[in-house]
$ cat model-v1.cif   # mmCIF, C-alpha atoms
data_input
loop_
_atom_site.label_atom_id
_atom_site.label_comp_id
_atom_site.auth_asym_id
_atom_site.auth_seq_id
_atom_site.Cartn_x
_atom_site.Cartn_y
_atom_site.Cartn_z
CA MET O 1 120.15 111.52 95.40
CA SER O 2 119.35 109.31 92.45
CA TYR O 3 116.30 110.38 90.49
CA THR O 4 115.54 107.02 88.88
CA LEU O 5 114.78 103.45 89.90
CA ASP O 6 116.83 101.23 87.60
CA ARG O 7 117.12 97.66 86.44
CA LEU O 8 119.30 96.09 83.77
CA LEU O 9 117.70 93.32 81.73
CA PRO O 10 120.74 91.42 80.44
CA ASP O 11 120.65 89.81 77.01
CA THR O 12 117.18 91.24 76.34
CA ASP O 13 115.98 93.04 73.21
CA MET O 14 113.81 96.17 73.24
CA ALA O 15 110.59 94.41 72.20
CA THR O 16 110.89 91.84 74.98
CA ALA O 17 111.85 94.51 77.54
CA GLU O 18 108.89 96.64 76.52
CA ALA O 19 106.44 93.73 76.77
CA ARG O 20 107.78 92.78 80.20
CA THR O 21 107.66 96.41 81.36
CA ARG O 22 104.09 96.95 80.19
CA ALA O 23 102.98 93.72 81.88
CA ALA O 24 104.66 94.66 85.17
CA LEU O 25 103.13 98.14 85.06
CA THR O 26 99.66 96.69 84.48
CA ASP O 27 100.13 94.10 87.22
CA ASN O 28 100.98 96.91 89.66
CA GLY O 29 98.07 99.22 88.85
CA PHE O 30 99.65 101.47 86.25
CA GLY O 31 98.44 102.23 82.77
CA VAL O 32 100.56 103.62 79.95
CA LEU O 33 99.08 106.96 78.86
CA THR O 34 101.82 108.02 76.48
CA GLU O 35 104.74 106.57 74.61
CA ILE O 36 107.53 108.24 72.72
CA ASP O 37 109.96 106.35 70.52
CA VAL O 38 112.87 108.74 71.00
CA SER O 39 115.13 106.83 68.59
CA ALA O 40 112.58 107.03 65.77
CA THR O 41 111.91 110.70 66.50
CA MET O 42 115.61 111.61 66.38
CA LYS O 43 115.96 109.76 63.09
CA LYS O 44 112.93 111.48 61.60
CA LYS O 45 113.62 115.00 62.89
CA LEU O 46 117.44 115.10 62.86
CA ASP O 47 118.43 112.14 60.67
CA LYS O 48 120.48 110.90 63.64
CA ASP O 49 120.81 107.27 64.66
CA MET O 50 120.87 106.28 68.30
CA PRO O 51 120.38 103.07 70.26
CA GLY O 52 116.80 102.10 71.11
CA TYR O 53 115.24 104.54 73.55
CA LYS O 54 111.55 104.65 74.42
CA ILE O 55 109.65 106.63 77.05
CA LEU O 56 106.45 105.19 78.53
CA GLY O 57 104.27 107.62 80.49
CA ALA O 58 102.81 105.49 83.29
CA CYS O 59 99.97 106.48 85.59
CA ASN O 60 98.17 104.98 88.55
CA PRO O 61 94.84 106.82 88.40
CA ALA O 62 94.05 106.62 92.13
CA MET O 63 97.46 107.98 93.13
CA ALA O 64 97.37 110.69 90.46
CA TYR O 65 93.92 111.77 91.67
CA GLU O 66 95.15 111.96 95.26
CA ALA O 67 98.29 113.91 94.31
CA ILE O 68 96.40 116.38 92.10
CA GLY O 69 93.92 116.88 94.95
CA LEU O 70 96.82 117.92 97.17
CA GLU O 71 98.55 120.03 94.53
CA PRO O 72 96.37 121.03 91.53
CA ARG O 73 99.29 122.03 89.25
CA LEU O 74 101.01 118.69 89.80
CA GLY O 75 99.74 117.49 86.43
CA ALA O 76 102.70 119.37 84.96
CA MET O 77 104.90 116.64 86.47
CA LEU O 78 102.76 113.66 85.47
CA PRO O 79 102.73 110.93 84.29
CA CYS O 80 105.57 108.93 85.83
CA ASN O 81 108.02 108.32 83.00
CA VAL O 82 109.62 104.93 82.54
CA ILE O 83 112.41 104.67 79.98
CA LEU O 84 113.69 101.67 78.08
CA ARG O 85 117.22 102.17 76.81
CA GLU O 86 119.44 99.85 74.80
CA VAL O 87 122.81 99.50 76.51
CA ASP O 88 125.74 97.14 76.08
CA GLY O 89 124.52 93.72 77.09
CA GLY O 90 120.79 94.36 77.20
CA VAL O 91 118.15 96.96 78.03
CA GLU O 92 118.10 99.27 81.03
CA VAL O 93 114.70 100.15 82.48
CA SER O 94 114.55 103.34 84.53
CA ALA O 95 111.49 104.80 86.26
CA ILE O 96 111.35 108.26 87.73
CA ASP O 97 111.67 108.36 91.52
CA PRO O 98 108.60 110.40 92.49
CA VAL O 99 110.11 111.37 95.84
CA ALA O 100 113.08 112.97 94.09
CA SER O 101 110.92 114.71 91.49
CA MET O 102 108.47 116.06 94.07
CA MET O 103 111.19 117.73 96.12
CA ALA O 104 110.65 120.83 93.99
CA VAL O 105 107.05 121.16 95.21
CA ASP O 106 106.44 123.01 98.48
CA ASN O 107 103.65 120.88 99.94
CA ALA O 108 104.18 118.95 103.18
CA GLU O 109 101.58 116.28 102.31
CA LEU O 110 102.92 115.40 98.88
CA PRO O 111 106.01 113.40 100.01
CA LYS O 112 103.71 110.82 101.62
CA VAL O 113 101.93 110.17 98.33
CA ALA O 114 105.21 110.26 96.41
CA ALA O 115 106.69 107.63 98.75
CA VAL O 116 103.78 105.27 98.10
CA VAL O 117 104.16 105.71 94.34
CA ARG O 118 107.92 105.18 94.62
CA ASP O 119 107.33 101.89 96.44
CA MET O 120 104.87 100.84 93.73
CA LEU O 121 107.33 101.72 90.97
CA GLN O 122 110.24 100.05 92.75
CA LYS O 123 108.17 96.86 93.03
CA THR O 124 107.23 97.16 89.37
CA VAL O 125 110.82 97.60 88.20
CA GLY O 126 111.86 94.66 90.32
CA GLU O 127 109.26 92.45 88.62
CA ILE O 128 110.26 93.27 85.05
#
$ encode --input "model-v1.cif" --output "structure tokens"
Amino acid sequence: MSYTLDRLLPDTDMATAEARTRAALTDNGFGVLTEIDVSATMKKKLDKDMPGYKILGACNPAMAYEAIGLEPRLGAMLPCNVILREVDGGVEVSAIDPVASMMAVDNAELPKVAAVVRDMLQKTVGEI
């Protein structure tokens, strides 16, 4: 089972991909709570160069509230990470598949919520 929802943005730079991703997330009810510039961090901490790589921590508050209500420790698995990664020919956008990530949690109600969030993220990725 794949654990990400992916889309290649051909002939796109990181700044454009990030702007498009943030807009699509907002349009679909997600906010970005966190961001990590992995490339900059690796350069600073290890003096290693790598292609552009950024992690956006996206959250839909209503869905997060519902999921945490079903499983209080679920916050350890939130927010939904979306990565932007420079690849040959463009930028790949990958969002976590919540259904795959929630398989580790023993709660029969959680897959229903995860499926809704997956559909929302799949729509979002498709609109980027």
$ closest_residue --input "model-v1.cif" --among "O:Asp97, O:Val105, O:Val125, O:Asp37" --to "Met50 (chain O)" --atoms "all atoms listed in the file"
O:Asp37
$ closest_residue --input "model-v1.cif" --among "O:Ser101, O:Asn81, O:Asn60, O:Thr16" --to "Asn28 (chain O)" --atoms "only C-alpha atoms"
O:Asn60
$ atom_distance --input "model-v1.cif" --atom1 "CA of Leu110 (chain O)" --atom2 "CA of Glu71 (chain O)"
7.7 Å
$ residues_around --input "model-v1.cif" --residues "Ala40 (chain O)" --least-positions-apart "3" --cutoff "9 Å" --atoms "all atoms listed in the file" --output "list in words"
Ile36, Asp37, Lys43, Lys44, Lys45, Asp49, Met50, Gly52 and Tyr53 of chain O
$ resolve_selection --input "model-v1.cif" --expression "the PyMOL selection byres ((chain O and resi 82-90) around 9)" --output "ChimeraX atom specification"
/O:4,8-14,17-18,21,51-58,80-81,91-96
$ residues_around --input "model-v1.cif" --residues "Ala24 (chain O)" --least-positions-apart "6" --cutoff "8 Å" --atoms "all atoms listed in the file" --output "list in words"
Thr124, Val125, Glu127 and Ile128 of chain O
$ resolve_selection --input "model-v1.cif" --expression "the PyMOL selection byres ((chain O and resi 111-116) around 8)" --output "PyMOL selection string"
chain O and resi 63+66-67+98-99+102-103+107-110+117-120
$ atom_distance --input "model-v1.cif" --atom1 "CA of Pro72 (chain O)" --atom2 "CA of Ala104 (chain O)"
14.5 Å
$ atom_distance --input "model-v1.cif" --atom1 "CA of Leu121 (chain O)" --atom2 "CA of Val38 (chain O)"
21.9 Å
$ closest_residue --input "model-v1.cif" --among "O:Gly126, O:Pro61, O:Ser2, O:Ala100" --to "Val32 (chain O)" --atoms "only C-alpha atoms"
O:Pro61
$ decode --input "model-v1.cif" --residues "region 6-118 of chain O" --atoms "C-alpha atoms" --output "compact mmCIF listing (two decimals), in the first residue's frame"
# COMPACT_ATOMS: atom_id res chain seq x y z
CA ASP O 6 1.57 12.16 -5.23
CA ARG O 7 1.65 14.61 -8.09
CA LEU O 8 4.50 15.73 -10.32
CA LEU O 9 4.50 19.39 -11.31
CA PRO O 10 6.61 19.35 -14.48
CA ASP O 11 8.85 22.31 -15.29
CA THR O 12 7.95 24.01 -12.00
CA ASP O 13 10.32 25.60 -9.49
CA MET O 14 10.02 25.18 -5.71
CA ALA O 15 8.65 28.67 -5.05
CA THR O 16 5.86 28.25 -7.59
CA ALA O 17 5.08 24.72 -6.37
CA GLU O 18 4.92 25.94 -2.78
CA ALA O 19 2.60 28.84 -3.65
CA ARG O 20 0.30 26.53 -5.62
CA THR O 21 0.33 23.95 -2.80
CA ARG O 22 -0.48 26.48 -0.10
CA ALA O 23 -3.32 27.91 -2.20
CA ALA O 24 -4.80 24.45 -2.85
CA LEU O 25 -4.54 23.55 0.83
CA THR O 26 -6.33 26.75 1.83
CA ASP O 27 -9.00 26.26 -0.83
CA ASN O 28 -9.71 22.79 0.60
CA GLY O 29 -9.96 23.76 4.27
CA PHE O 30 -6.41 23.12 5.41
CA GLY O 31 -4.06 25.48 7.16
CA VAL O 32 -0.28 25.12 7.32
CA LEU O 33 0.74 24.84 10.98
CA THR O 34 4.40 24.03 10.47
CA GLU O 35 7.03 24.17 7.79
CA ILE O 36 10.49 22.69 7.67
CA ASP O 37 13.01 23.57 4.98
CA VAL O 38 14.85 20.25 5.07
CA SER O 39 17.44 21.35 2.49
CA ALA O 40 18.39 24.42 4.52
CA THR O 41 18.48 22.40 7.74
CA MET O 42 20.80 19.76 6.26
CA LYS O 43 23.09 22.50 4.97
CA LYS O 44 23.16 24.26 8.33
CA LYS O 45 23.49 21.18 10.54
CA LEU O 46 25.57 18.85 8.35
CA ASP O 47 27.01 21.15 5.67
CA LYS O 48 25.38 18.85 3.10
CA ASP O 49 23.72 20.02 -0.09
CA MET O 50 20.56 18.37 -1.34
CA PRO O 51 17.83 19.26 -3.83
CA GLY O 52 14.99 21.42 -2.55
CA TYR O 53 12.89 19.60 0.02
CA LYS O 54 10.26 21.23 2.22
CA ILE O 55 7.71 19.75 4.61
CA LEU O 56 4.42 21.58 5.20
CA GLY O 57 2.38 20.41 8.20
CA ALA O 58 -1.23 20.79 7.06
CA CYS O 59 -4.30 20.60 9.27
CA ASN O 60 -8.04 20.75 8.80
CA PRO O 61 -9.18 21.84 12.27
CA ALA O 62 -12.63 20.22 12.14
CA MET O 63 -11.24 16.85 11.05
CA ALA O 64 -8.39 17.01 13.57
CA TYR O 65 -10.88 17.78 16.35
CA GLU O 66 -13.05 14.82 15.33
CA ALA O 67 -10.07 12.45 15.11
CA ILE O 68 -8.62 13.54 18.46
CA GLY O 69 -12.08 13.08 20.00
CA LEU O 70 -12.01 9.46 18.82
CA GLU O 71 -8.39 8.84 19.77
CA PRO O 72 -6.87 11.37 22.23
CA ARG O 73 -3.22 10.42 21.55
CA LEU O 74 -3.68 10.88 17.81
CA GLY O 75 -2.00 14.27 18.02
CA ALA O 76 1.28 12.35 17.92
CA MET O 77 0.47 11.62 14.26
CA LEU O 78 -0.71 15.10 13.29
CA PRO O 79 -0.54 17.31 11.29
CA CYS O 80 -0.82 15.78 7.82
CA ASN O 81 2.56 16.30 6.21
CA VAL O 82 2.83 17.45 2.62
CA ILE O 83 6.28 17.44 1.05
CA LEU O 84 7.64 19.42 -1.87
CA ARG O 85 10.67 17.78 -3.43
CA GLU O 86 12.80 18.89 -6.36
CA VAL O 87 13.13 16.05 -8.86
CA ASP O 88 14.36 15.83 -12.43
CA GLY O 89 11.95 17.82 -14.52
CA GLY O 90 10.06 19.64 -11.79
CA VAL O 91 8.73 19.32 -8.26
CA GLU O 92 6.95 16.33 -6.76
CA VAL O 93 4.23 17.04 -4.20
CA SER O 94 3.40 14.20 -1.83
CA ALA O 95 0.81 14.22 0.95
CA ILE O 96 0.53 11.56 3.61
CA ASP O 97 -2.30 9.08 3.04
CA PRO O 98 -4.13 9.24 6.38
CA VAL O 99 -5.73 5.84 5.83
CA ALA O 100 -2.30 4.22 5.54
CA SER O 101 -0.88 6.10 8.52
CA MET O 102 -3.87 5.33 10.75
CA MET O 103 -3.59 1.58 10.19
CA ALA O 104 -1.31 1.47 13.23
CA VAL O 105 -4.10 2.74 15.50
CA ASP O 106 -6.52 0.17 16.94
CA ASN O 107 -9.77 2.14 16.75
CA ALA O 108 -12.61 0.96 14.51
CA GLU O 109 -14.05 4.48 14.07
CA LEU O 110 -10.84 6.17 12.97
CA PRO O 111 -10.67 4.74 9.41
CA LYS O 112 -13.90 6.56 8.55
CA VAL O 113 -12.41 9.92 9.49
CA ALA O 114 -9.10 9.04 7.82
CA ALA O 115 -10.93 8.20 4.58
CA VAL O 116 -12.62 11.61 4.53
CA VAL O 117 -9.29 13.36 5.10
CA ARG O 118 -7.66 11.22 2.40
